[in-house]
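Asks: Got a file for you: entry-v5.txt, compact mmCIF, C-alpha atoms and all ligand atoms.
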```txt
# COMPACT_ATOMS: atom_id res chain seq x y z
CA MET A 1 0.00 0.00 0.00
CA ASN A 2 1.25 3.51 -0.85
CA LEU A 3 0.33 6.65 1.06
CA LEU A 4 0.74 10.25 -0.08
CA ALA A 5 0.99 12.85 2.70
CA ILE A 6 0.70 16.62 2.32
CA GLU A 7 1.74 19.34 4.80
CA THR A 8 1.08 23.08 4.36
CA SER A 9 0.34 24.31 7.89
CA CYS A 10 2.83 27.18 7.95
CA ASP A 11 5.52 28.23 5.47
CA GLU A 12 6.76 24.89 4.10
CA THR A 13 5.02 23.18 1.19
CA ALA A 14 5.72 19.48 1.69
CA ALA A 15 4.72 16.11 0.27
CA SER A 16 5.90 12.60 1.04
CA VAL A 17 5.20 9.07 -0.19
CA LEU A 18 5.40 6.21 2.32
CA LYS A 19 4.91 2.46 2.15
CA ASP A 20 2.63 0.89 4.76
CA ASP A 21 5.69 -0.51 6.58
CA PHE A 22 6.65 3.14 7.35
CA MET A 23 9.37 3.23 4.72
CA VAL A 24 9.71 6.83 3.47
CA LEU A 25 10.09 6.74 -0.33
CA SER A 26 10.23 10.52 -0.72
CA ASN A 27 10.16 13.56 1.58
CA VAL A 28 10.10 16.78 -0.45
CA VAL A 29 10.02 20.14 1.33
CA LEU A 30 9.94 23.58 -0.26
CA SER A 31 10.71 26.31 2.28
CA GLN A 32 9.37 29.83 1.87
CA ASP A 33 12.09 31.36 4.09
CA GLU A 34 13.29 33.69 1.33
CA ILE A 35 9.81 35.09 0.81
CA HIS A 36 9.22 35.88 4.48
CA ALA A 37 12.80 36.93 5.37
CA PRO A 38 12.33 40.62 4.48
CA TYR A 39 9.48 40.78 7.02
CA GLY A 40 11.32 38.93 9.84
CA GLY A 41 8.46 36.44 10.22
CA VAL A 42 5.80 34.52 8.31
CA VAL A 43 3.25 36.70 6.48
CA PRO A 44 0.10 34.51 6.36
CA GLU A 45 -1.30 35.94 3.13
CA LEU A 46 2.01 35.45 1.29
CA ALA A 47 2.34 31.93 2.73
CA SER A 48 -1.01 30.70 1.42
CA ARG A 49 -0.47 32.27 -2.01
CA GLN A 50 2.94 30.59 -2.26
CA HIS A 51 1.48 27.21 -1.24
CA LEU A 52 -1.03 27.59 -4.09
CA LYS A 53 1.80 28.18 -6.53
CA SER A 54 3.98 25.29 -5.28
CA ILE A 55 1.68 22.48 -4.19
CA ASP A 56 1.16 20.89 -7.60
CA PHE A 57 4.89 20.81 -8.33
CA ILE A 58 5.83 19.52 -4.87
CA VAL A 59 3.31 16.67 -5.00
CA ARG A 60 4.51 15.70 -8.51
CA GLU A 61 8.11 15.85 -7.30
CA SER A 62 7.42 13.61 -4.30
CA LEU A 63 5.76 11.05 -6.58
CA ALA A 64 8.65 11.23 -9.07
CA VAL A 65 11.29 10.74 -6.35
CA ALA A 66 9.31 7.80 -4.96
CA GLY A 67 8.82 6.35 -8.46
CA ILE A 68 5.09 5.88 -7.77
CA PRO A 69 2.43 7.25 -10.16
CA LEU A 70 -0.60 8.99 -8.69
CA GLU A 71 -2.84 6.10 -9.80
CA GLU A 72 -0.94 3.81 -7.40
CA ILE A 73 -1.61 5.91 -4.30
CA ASP A 74 -4.04 3.96 -2.09
CA ILE A 75 -4.60 6.49 0.66
CA TYR A 76 -4.05 10.19 1.34
CA ALA A 77 -3.10 12.06 4.52
CA VAL A 78 -3.06 15.79 5.16
CA THR A 79 -2.41 18.20 8.03
CA GLN A 80 -5.73 19.51 9.34
CA GLY A 81 -4.32 21.85 12.01
CA PRO A 82 -3.17 23.67 14.00
CA GLY A 83 -1.57 26.26 11.72
CA LEU A 84 -2.34 29.24 9.51
CA ILE A 85 -5.87 28.75 8.25
CA GLY A 86 -5.20 29.98 4.69
CA SER A 87 -2.14 27.73 4.41
CA LEU A 88 -3.92 24.70 5.87
CA LEU A 89 -6.80 25.08 3.44
CA VAL A 90 -4.49 24.88 0.41
CA GLY A 91 -3.13 21.45 1.42
CA LEU A 92 -6.49 20.22 2.64
CA SER A 93 -8.35 21.24 -0.52
CA PHE A 94 -5.64 19.74 -2.73
CA ALA A 95 -5.71 16.44 -0.82
CA LYS A 96 -9.52 16.36 -0.83
CA GLY A 97 -9.53 16.89 -4.59
CA LEU A 98 -7.17 13.96 -5.16
CA ALA A 99 -8.98 11.66 -2.73
CA TYR A 100 -12.33 12.54 -4.28
CA TYR A 101 -11.16 12.08 -7.85
CA PHE A 102 -9.45 8.74 -7.20
CA ARG A 103 -12.15 7.60 -4.71
CA LYS A 104 -9.55 6.91 -2.00
CA PRO A 105 -9.68 7.54 1.75
CA LEU A 106 -8.18 10.70 3.29
CA ILE A 107 -6.86 10.90 6.86
CA GLY A 108 -6.72 14.27 8.67
CA ILE A 109 -3.63 14.69 10.86
CA ASP A 110 -2.76 16.95 13.79
CA HIS A 111 0.49 18.83 13.08
CA VAL A 112 1.81 18.77 16.66
CA GLN A 113 1.15 15.05 17.08
CA ALA A 114 2.87 14.47 13.73
CA HIS A 115 6.01 16.24 15.01
CA ILE A 116 6.12 13.78 17.93
CA GLN A 117 5.47 10.83 15.63
CA SER A 118 8.47 11.83 13.50
CA ALA A 119 10.72 10.19 16.11
CA PHE A 120 9.00 6.82 15.48
CA LEU A 121 9.82 6.94 11.75
CA GLU A 122 13.47 6.38 12.60
CA HIS A 123 12.92 4.39 15.82
CA GLN A 124 9.93 2.09 15.89
CA GLU A 125 11.34 0.46 19.03
CA ILE A 126 10.67 3.44 21.35
CA SER A 127 9.18 2.08 24.57
CA PHE A 128 6.22 3.62 26.38
CA PRO A 129 5.40 5.64 28.41
CA VAL A 130 7.03 8.49 26.48
CA LEU A 131 7.52 12.10 27.48
CA ALA A 132 7.82 14.35 24.41
CA LEU A 133 8.96 17.96 24.15
CA ILE A 134 7.79 19.63 20.96
CA VAL A 135 9.49 22.94 20.41
CA SER A 136 9.04 24.98 17.24
CA GLY A 137 8.17 28.42 15.92
CA GLY A 138 4.50 27.93 16.70
CA HIS A 139 4.46 25.45 19.59
CA THR A 140 6.23 24.65 22.82
CA SER A 141 4.47 21.82 24.62
CA ILE A 142 5.12 18.70 26.64
CA PHE A 143 3.05 15.61 25.87
CA PHE A 144 2.84 12.35 27.79
CA LEU A 145 2.13 9.24 25.76
CA LYS A 146 1.04 6.33 27.93
CA LYS A 147 0.76 4.23 24.77
CA LYS A 148 0.77 4.65 20.99
CA LEU A 149 -1.47 7.46 19.69
CA ARG A 150 -2.48 8.59 23.17
CA PHE A 151 -1.25 12.21 23.26
CA ASP A 152 -1.89 13.82 26.66
CA LEU A 153 -0.92 17.48 26.93
CA VAL A 154 0.87 18.17 30.23
CA GLY A 155 2.37 21.63 29.62
CA ARG A 156 2.36 24.32 26.97
CA THR A 157 3.56 27.86 26.48
CA ARG A 158 1.31 30.56 27.85
CA ASP A 159 2.68 33.18 25.45
CA ASP A 160 5.42 32.88 22.81
CA ALA A 161 6.80 29.61 21.50
CA ALA A 162 10.56 29.13 22.04
CA GLY A 163 11.30 29.43 18.30
CA GLU A 164 9.17 32.55 18.12
CA ALA A 165 11.24 34.16 20.91
CA LEU A 166 14.46 33.36 19.00
CA ASP A 167 12.95 34.67 15.75
CA LYS A 168 11.74 37.90 17.38
CA ILE A 169 15.09 38.74 18.99
CA ALA A 170 16.86 38.02 15.68
CA LYS A 171 14.38 40.31 13.94
CA PHE A 172 14.93 43.06 16.52
CA LEU A 173 18.70 42.86 16.00
CA GLU A 174 18.20 42.70 12.20
CA LEU A 175 20.06 39.38 11.99
CA GLY A 176 17.72 37.71 9.48
CA TYR A 177 14.99 35.06 9.35
CA PRO A 178 14.47 32.39 10.62
CA GLY A 179 16.27 33.53 13.75
CA GLY A 180 16.93 30.15 15.39
CA PRO A 181 19.65 28.86 13.04
CA ILE A 182 21.21 32.34 12.68
CA ILE A 183 21.45 32.74 16.47
CA GLN A 184 22.86 29.22 16.78
CA LYS A 185 25.66 30.03 14.36
CA LEU A 186 26.56 33.39 15.91
CA ALA A 187 26.29 32.03 19.47
CA GLU A 188 28.56 29.08 18.82
CA ASN A 189 31.72 30.60 20.30
CA GLY A 190 30.00 33.09 22.59
CA ASN A 191 30.26 33.09 26.39
CA MET A 192 26.88 31.93 27.65
CA ASP A 193 27.64 33.11 31.19
CA ARG A 194 28.30 36.70 30.16
CA PHE A 195 24.67 37.87 30.57
CA ASP A 196 22.30 36.82 33.29
CA PHE A 197 18.80 35.64 32.42
CA ALA A 198 16.58 34.69 35.36
CA LEU A 199 14.17 31.93 34.35
CA PRO A 200 10.45 32.58 34.88
CA LYS A 201 8.81 30.63 37.70
CA MET A 202 5.18 29.58 37.46
CA THR A 203 3.35 30.47 40.66
CA ASP A 204 1.16 27.36 40.40
CA ARG A 205 2.58 23.87 40.03
CA SER A 206 1.91 23.72 36.31
CA LEU A 207 4.37 22.50 33.72
CA ASP A 208 3.58 25.42 31.40
CA PHE A 209 6.25 27.57 29.77
CA SER A 210 6.53 31.32 29.40
CA PHE A 211 9.04 32.95 27.07
CA SER A 212 7.76 36.51 27.02
CA GLY A 213 9.70 37.29 30.25
CA LEU A 214 12.97 36.06 28.70
CA LYS A 215 12.23 38.12 25.61
CA THR A 216 11.63 41.25 27.70
CA ALA A 217 14.85 40.58 29.65
CA ALA A 218 16.69 40.21 26.33
CA LEU A 219 15.33 43.53 25.09
CA ARG A 220 16.38 45.21 28.37
CA ILE A 221 19.94 43.82 28.09
CA ILE A 222 20.09 44.96 24.45
CA ARG A 223 19.04 48.47 25.46
CA GLU A 224 21.28 48.76 28.53
CA ASN A 225 24.38 47.43 26.73
CA LYS A 226 23.55 49.03 23.37
CA ILE A 227 23.90 45.64 21.68
CA SER A 228 23.58 45.74 17.91
CA ARG A 229 24.46 43.37 15.08
CA ASP A 230 28.09 44.51 15.05
CA HIS A 231 28.56 44.94 18.80
CA PRO A 232 31.65 43.10 20.16
CA GLN A 233 29.48 41.29 22.73
CA LEU A 234 26.77 40.19 20.29
CA ARG A 235 27.96 36.56 20.35
CA ASP A 236 28.07 36.44 24.17
CA PHE A 237 24.60 37.96 24.36
CA LEU A 238 23.15 35.45 21.87
CA ALA A 239 24.87 32.51 23.61
CA SER A 240 23.43 33.64 26.96
CA PHE A 241 19.94 34.09 25.49
CA GLU A 242 19.98 30.77 23.62
CA SER A 243 21.26 29.02 26.71
CA SER A 244 18.48 30.52 28.88
CA ILE A 245 15.86 29.15 26.49
CA VAL A 246 17.48 25.72 26.61
CA ARG A 247 17.51 25.85 30.43
CA ALA A 248 13.82 26.84 30.55
CA LEU A 249 12.92 23.93 28.27
CA LEU A 250 14.95 21.34 30.13
CA GLU A 251 13.94 22.47 33.60
CA ASN A 252 10.27 21.79 32.82
CA MET A 253 11.06 18.51 31.12
CA ALA A 254 13.00 17.38 34.20
CA ARG A 255 10.05 18.30 36.45
CA ALA A 256 7.62 16.50 34.15
CA ALA A 257 9.83 13.41 34.07
CA GLY A 258 10.06 13.45 37.87
CA ARG A 259 6.27 13.34 38.12
CA LEU A 260 5.32 11.07 35.25
CA HIS A 261 8.15 8.50 35.22
CA PRO A 262 8.52 7.94 31.46
CA LYS A 263 10.68 5.19 29.97
CA SER A 264 11.69 7.25 26.94
CA LEU A 265 12.08 10.88 25.95
CA ILE A 266 11.50 12.58 22.60
CA LEU A 267 12.72 16.02 21.54
CA CYS A 268 11.13 17.27 18.30
CA GLY A 269 10.03 20.33 16.28
CA GLY A 270 12.10 22.91 14.41
CA VAL A 271 14.04 24.15 17.46
CA ALA A 272 15.12 20.54 18.12
CA ARG A 273 17.65 21.16 15.33
CA ASN A 274 19.49 23.42 17.75
CA LYS A 275 22.92 22.00 18.63
CA ARG A 276 23.03 23.38 22.18
CA LEU A 277 19.56 22.02 22.93
CA ARG A 278 20.34 18.62 21.41
CA ALA A 279 23.58 18.30 23.39
CA ARG A 280 22.08 19.38 26.71
CA PHE A 281 18.96 17.26 26.21
CA ALA A 282 21.16 14.25 25.52
CA ALA A 283 23.34 14.94 28.57
CA TRP A 284 20.32 15.34 30.86
CA ALA A 285 18.57 12.22 29.51
CA ALA A 286 21.72 10.16 29.96
CA SER A 287 22.20 11.42 33.52
CA ALA A 288 18.56 10.55 34.28
CA GLY A 289 19.12 7.07 32.85
CA LEU A 290 16.38 7.53 30.23
CA LYS A 291 16.43 6.52 26.58
CA PHE A 292 16.08 9.53 24.34
CA TYR A 293 15.26 10.12 20.70
CA ILE A 294 15.83 13.25 18.62
CA PRO A 295 14.76 13.01 14.95
CA SER A 296 17.40 13.82 12.35
CA PRO A 297 17.34 17.54 11.44
CA LYS A 298 15.30 17.07 8.24
CA LEU A 299 12.49 15.47 10.26
CA CYS A 300 12.58 18.17 12.97
CA THR A 301 11.40 21.08 10.80
CA ASP A 302 8.04 20.86 9.06
CA ASN A 303 7.77 17.97 6.61
CA ALA A 304 5.14 15.60 5.26
CA ALA A 305 6.86 12.31 6.16
CA MET A 306 5.86 12.87 9.79
CA VAL A 307 2.26 13.42 8.66
CA GLY A 308 2.34 10.17 6.71
CA GLY A 309 3.94 8.33 9.64
CA LEU A 310 1.14 9.32 12.00
CA ALA A 311 -1.50 8.50 9.38
CA LEU A 312 -0.10 4.98 8.95
CA GLU A 313 -0.03 4.48 12.72
CA LYS A 314 -3.68 5.59 12.94
CA LEU A 315 -4.60 3.34 10.07
CA ARG A 316 -3.18 0.37 11.98
CA SER A 317 -5.23 1.08 15.06
CA GLU A 318 -8.47 2.57 13.71
CA LYS A 319 -10.08 0.89 10.80
CA LYS A 320 -12.85 3.47 10.44
CA GLN A 321 -12.11 6.29 7.96
CA VAL A 322 -13.83 9.65 7.73
CA PRO A 323 -15.24 10.47 4.27
CA ALA A 324 -12.71 12.80 2.61
CA LEU A 325 -15.05 15.70 2.03
CA ASP A 326 -16.05 15.95 5.72
CA LEU A 327 -12.59 17.04 6.91
CA ASP A 328 -12.19 20.66 7.94
CA ALA A 329 -9.09 22.68 8.89
CA TYR A 330 -8.61 23.98 12.44
CA PRO A 331 -6.18 26.86 13.15
CA ARG A 332 -5.69 26.33 16.92
CA SER A 333 -4.74 23.31 18.99
CA ARG A 334 -7.64 20.99 19.68
CA PRO A 335 -7.03 19.64 23.18
CA SER A 336 -10.38 17.88 23.03
CA LEU A 337 -9.27 15.36 20.40
CA PRO A 338 -10.38 11.91 21.63
CA GLN A 339 -6.85 10.77 22.50
CA GLU A 340 -5.84 14.06 24.14
CA ARG A 341 -6.90 14.23 27.75
CA SER A 342 -4.97 16.41 30.16
CA VAL A 343 -2.94 14.40 32.62
CA LYS A 344 -3.34 15.49 36.24
CA ASN A 345 0.03 16.73 37.44
CA ARG A 346 0.70 14.96 40.69
CA ASP A 347 4.01 14.38 42.40
O1 LIG B 1 8.78 23.07 13.20
P1 LIG B 1 9.07 24.28 12.40
O2 LIG B 1 9.71 24.10 11.06
O3 LIG B 1 7.77 25.11 12.15
C1 LIG B 1 6.76 25.31 13.10
O4 LIG B 1 5.89 24.40 13.21
O5 LIG B 1 6.86 26.33 13.79
O6 LIG B 1 9.98 25.24 13.33
C2 LIG B 1 10.47 26.49 12.89
C3 LIG B 1 11.23 27.13 14.04
C4 LIG B 1 11.66 28.57 13.80
O7 LIG B 1 11.31 29.37 14.92
C5 LIG B 1 13.17 28.48 13.66
O8 LIG B 1 13.86 29.64 14.09
C6 LIG B 1 13.48 27.31 14.55
O9 LIG B 1 12.42 26.39 14.32
N1 LIG B 1 14.77 26.66 14.26
C7 LIG B 1 15.82 26.67 15.10
C8 LIG B 1 16.89 26.02 14.43
N2 LIG B 1 16.42 25.61 13.20
C9 LIG B 1 15.12 26.02 13.11
N3 LIG B 1 15.97 27.18 16.33
C10 LIG B 1 17.16 27.06 16.93
N4 LIG B 1 18.22 26.46 16.35
C11 LIG B 1 18.13 25.92 15.11
N5 LIG B 1 19.19 25.31 14.56
ZN ZN B 2 5.82 22.44 12.89
```
Here is the file; what I need is its structure written in the form of structure tokens.

Replies:
Amino acid sequence: MNLLAIETSCDETAASVLKDDFMVLSNVVLSQDEIHAPYGGVVPELASRQHLKSIDFIVRESLAVAGIPLEEIDIYAVTQGPGLIGSLLVGLSFAKGLAYYFRKPLIGIDHVQAHIQSAFLEHQEISFPVLALIVSGGHTSIFFLKKKLRFDLVGRTRDDAAGEALDKIAKFLELGYPGGPIIQKLAENGNMDRFDFALPKMTDRSLDFSFSGLKTAALRIIRENKISRDHPQLRDFLASFESSIVRALLENMARAAGRLHPKSLILCGGVARNKRLRARFAAWAASAGLKFYIPSPKLCTDNAAMVGGLALEKLRSEKKQVPALDLDAYPRSRPSLPQERSVKNRD
């Protein structure tokens, strides 16, 4: 059986063909970074227009790389949400059209759950329960998976996502877009102890994140020290800021692990490409004696292979399929999905 997956939730147009044994035959991603770079962030209207221009070519390309003609696709999968509504609708409408024309089933997929599932594409042996940190430009959340496909949200950001905070500071300093990889490069040889960032503390016992405080602290340090893109301490400042974000992420993960006792850990999403985060996550997981999995960089940023992977997993467990034309896009997280029940945070 061959599955074609489509992802257009933000600013990447992506398509992937997978076999039902989870083998990825193609994983084609067209980034719109160059289009949004002059604005320092994604412009929703430009993103959806660009998806419209690219989707046909990207789907054809993914089929060509896989060596599978469209007539041999048995099932379709597409990201339903969360994401930019105009962008989501391009992928969803395209997938609906194909599924309708070829009279094949279409599976709607949650983007955040797909990010977590990306780890299973490379490691089907991951043992449950799993604690997963998804950290990207749009999301920063911790999920607990007691078993396959059971995604329980245990913590999320109350304001900015971690990637968004990196992107915004890069934009403020006119360093370019997306900010995460640019900051990583500049921060590489910087002194991360040069500037002090106090981490925010939640007054309740929740495992939620907040990055707006770190962003405000960063802006204050920039102002007080007159940091600009050619300031001699730019690298130290960026290393300190990047390191504070990594600390905030890992501190909450450590607390969550202490309460929920997972067997394995997953780090995923675009910011999981970050070298400092990967290294510190690995060091912490090893010291806690937990197995950990970080997808290879190509599977961390938005892609359609992760969408296909989750669709195949769902197909194995749920035989019932929704008629293709009933699927609708949703822009915000849907915590009320059947498998997503909030776990009570108890020590
Ligand atoms: O998962 P993704 O492609 O899209 C969303 O679903 O948001 O993540 C994009 C985010 C951006 O904020 C970008 O700056 C960040 O991932 N990012 C990184 C790195 N590569 C991408 N952040 C830190 N270090 C990186 N190497
Ligand atoms: Zn994403």

Asks: Ligand LIG 1 (chain B): which residues are within 10 Å, counting only C-alpha atoms and all ligand atoms, as a VMD selection string?

Replies: chain A and resid 9 to 12 31 41 to 42 82 to 83 111 to 112 115 134 to 140 161 to 168 170 177 to 185 242 245 to 246 268 to 278 297 to 303

Asks: Around (25.1, 43.7, 25.0) in the file's own coordinates, what residues are found within 12 Å if you use all atoms listed in the file, given back as a PDB file with C-alpha atoms, in the coordinates of the input?

Replies:
```
ATOM      1  CA  LEU A 173      18.700  42.860  16.000  1.00  0.00           C
ATOM      2  CA  GLY A 190      30.000  33.090  22.590  1.00  0.00           C
ATOM      3  CA  ASN A 191      30.260  33.090  26.390  1.00  0.00           C
ATOM      4  CA  ARG A 194      28.300  36.700  30.160  1.00  0.00           C
ATOM      5  CA  PHE A 195      24.670  37.870  30.570  1.00  0.00           C
ATOM      6  CA  ASP A 196      22.300  36.820  33.290  1.00  0.00           C
ATOM      7  CA  ALA A 217      14.850  40.580  29.650  1.00  0.00           C
ATOM      8  CA  ALA A 218      16.690  40.210  26.330  1.00  0.00           C
ATOM      9  CA  LEU A 219      15.330  43.530  25.090  1.00  0.00           C
ATOM     10  CA  ARG A 220      16.380  45.210  28.370  1.00  0.00           C
ATOM     11  CA  ILE A 221      19.940  43.820  28.090  1.00  0.00           C
ATOM     12  CA  ILE A 222      20.090  44.960  24.450  1.00  0.00           C
ATOM     13  CA  ARG A 223      19.040  48.470  25.460  1.00  0.00           C
ATOM     14  CA  GLU A 224      21.280  48.760  28.530  1.00  0.00           C
ATOM     15  CA  ASN A 225      24.380  47.430  26.730  1.00  0.00           C
ATOM     16  CA  LYS A 226      23.550  49.030  23.370  1.00  0.00           C
ATOM     17  CA  ILE A 227      23.900  45.640  21.680  1.00  0.00           C
ATOM     18  CA  SER A 228      23.580  45.740  17.910  1.00  0.00           C
ATOM     19  CA  ARG A 229      24.460  43.370  15.080  1.00  0.00           C
ATOM     20  CA  ASP A 230      28.090  44.510  15.050  1.00  0.00           C
ATOM     21  CA  HIS A 231      28.560  44.940  18.800  1.00  0.00           C
ATOM     22  CA  PRO A 232      31.650  43.100  20.160  1.00  0.00           C
ATOM     23  CA  GLN A 233      29.480  41.290  22.730  1.00  0.00           C
ATOM     24  CA  LEU A 234      26.770  40.190  20.290  1.00  0.00           C
ATOM     25  CA  ARG A 235      27.960  36.560  20.350  1.00  0.00           C
ATOM     26  CA  ASP A 236      28.070  36.440  24.170  1.00  0.00           C
ATOM     27  CA  PHE A 237      24.600  37.960  24.360  1.00  0.00           C
ATOM     28  CA  LEU A 238      23.150  35.450  21.870  1.00  0.00           C
ATOM     29  CA  ALA A 239      24.870  32.510  23.610  1.00  0.00           C
ATOM     30  CA  SER A 240      23.430  33.640  26.960  1.00  0.00           C
ATOM     31  CA  PHE A 241      19.940  34.090  25.490  1.00  0.00           C
TER      32      PHE A 241
END
```

Asks: Would you kindly identify which residues have an atom no farther than 8 Å from (-0.6, 15.2, 19.0), using only C-alpha atoms and the file's own coordinates, and write them out as a ChimeraX atom specification?

Replies: /A:110-116,143,149,151-152,340

Asks: Interatomic distance between CA of Ser26 (chain A) and CA of Leu92 (chain A)?

Replies: 19.6 Å

Asks: For Gly308 (chain A), which residue out of A:Phe94, A:Phe102, A:Phe144, A:Tyr76 is the nearest one, using only C-alpha atoms?

Replies: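 Ranking A:Phe94, A:Phe102, A:Phe144, A:Tyr76 by distance to Gly308 (chain A), first place goes to A:Tyr76.
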
Asks: Write out as a list in words which residues come within 12 Å of Phe292 (chain A) when counting only C-alpha atoms, dropping same-chain ones fewer than 4 positions away.

Replies: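 Within the cut-off, the hits are Ala119, Phe120, His123, Glu125, Ile126, Ser127, Phe128, Val130, Leu131, Ala132, Leu133, Pro262, Lys263, Ser264, Leu265, Ile266, Leu267, Cys268, Arg278, Ala279, Arg280, Phe281, Ala282, Ala283, Trp284, Ala285, Ala286, Ser287 and Ala288 of chain A.
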
Asks: Of the candidates A:Leu312, A:Leu25, A:Ala14, A:Ala99, which one gets nearest to ligand ZN 2 (chain B) if we count only C-alpha atoms and all ligand atoms?

Replies: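 Checking each candidate against ligand ZN 2 (chain B), we get A:Ala14 as the closest.
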
Asks: Any chance you could model all heavy atoms for region 34-40 of chain A and send them as a compact mmCIF listing (two decimals), keeping the file's coordinate frame?

Replies:
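So result_25.txt came out as:
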```
# COMPACT_ATOMS: atom_id res chain seq x y z
N GLU A 34 12.84 32.50 2.08
CA GLU A 34 13.29 33.69 1.33
C GLU A 34 12.17 34.71 1.15
O GLU A 34 12.41 35.92 1.11
CB GLU A 34 13.81 33.27 -0.04
CG GLU A 34 15.24 32.80 0.02
CD GLU A 34 15.72 32.28 -1.32
OE1 GLU A 34 15.20 32.69 -2.36
OE2 GLU A 34 16.63 31.42 -1.29
N ILE A 35 10.95 34.20 1.03
CA ILE A 35 9.81 35.09 0.81
C ILE A 35 9.47 35.88 2.07
O ILE A 35 9.12 37.06 2.02
CB ILE A 35 8.59 34.26 0.35
CG1 ILE A 35 8.86 33.77 -1.07
CG2 ILE A 35 7.28 35.04 0.41
CD1 ILE A 35 7.99 32.64 -1.50
N HIS A 36 9.60 35.23 3.23
CA HIS A 36 9.22 35.88 4.48
C HIS A 36 10.38 36.63 5.14
O HIS A 36 10.16 37.46 6.03
CB HIS A 36 8.64 34.85 5.45
CG HIS A 36 7.45 34.13 4.87
ND1 HIS A 36 6.24 34.74 4.68
CD2 HIS A 36 7.31 32.86 4.38
CE1 HIS A 36 5.39 33.88 4.13
NE2 HIS A 36 6.02 32.74 3.92
N ALA A 37 11.62 36.33 4.72
CA ALA A 37 12.80 36.93 5.37
C ALA A 37 12.74 38.46 5.45
O ALA A 37 13.04 39.03 6.50
CB ALA A 37 14.08 36.47 4.67
N PRO A 38 12.33 39.16 4.38
CA PRO A 38 12.33 40.62 4.48
C PRO A 38 11.41 41.15 5.57
O PRO A 38 11.57 42.27 6.03
CB PRO A 38 11.82 41.08 3.10
CG PRO A 38 12.00 39.92 2.20
CD PRO A 38 11.94 38.70 3.05
N TYR A 39 10.44 40.33 6.00
CA TYR A 39 9.48 40.78 7.02
C TYR A 39 9.85 40.29 8.42
O TYR A 39 9.18 40.60 9.39
CB TYR A 39 8.07 40.29 6.66
CG TYR A 39 7.67 40.69 5.25
CD1 TYR A 39 7.88 39.83 4.18
CD2 TYR A 39 7.14 41.95 5.00
CE1 TYR A 39 7.55 40.19 2.89
CE2 TYR A 39 6.80 42.32 3.71
CZ TYR A 39 7.02 41.45 2.65
OH TYR A 39 6.69 41.82 1.37
N GLY A 40 10.88 39.43 8.53
CA GLY A 40 11.32 38.93 9.84
C GLY A 40 10.36 37.95 10.46
O GLY A 40 10.44 37.65 11.65
```
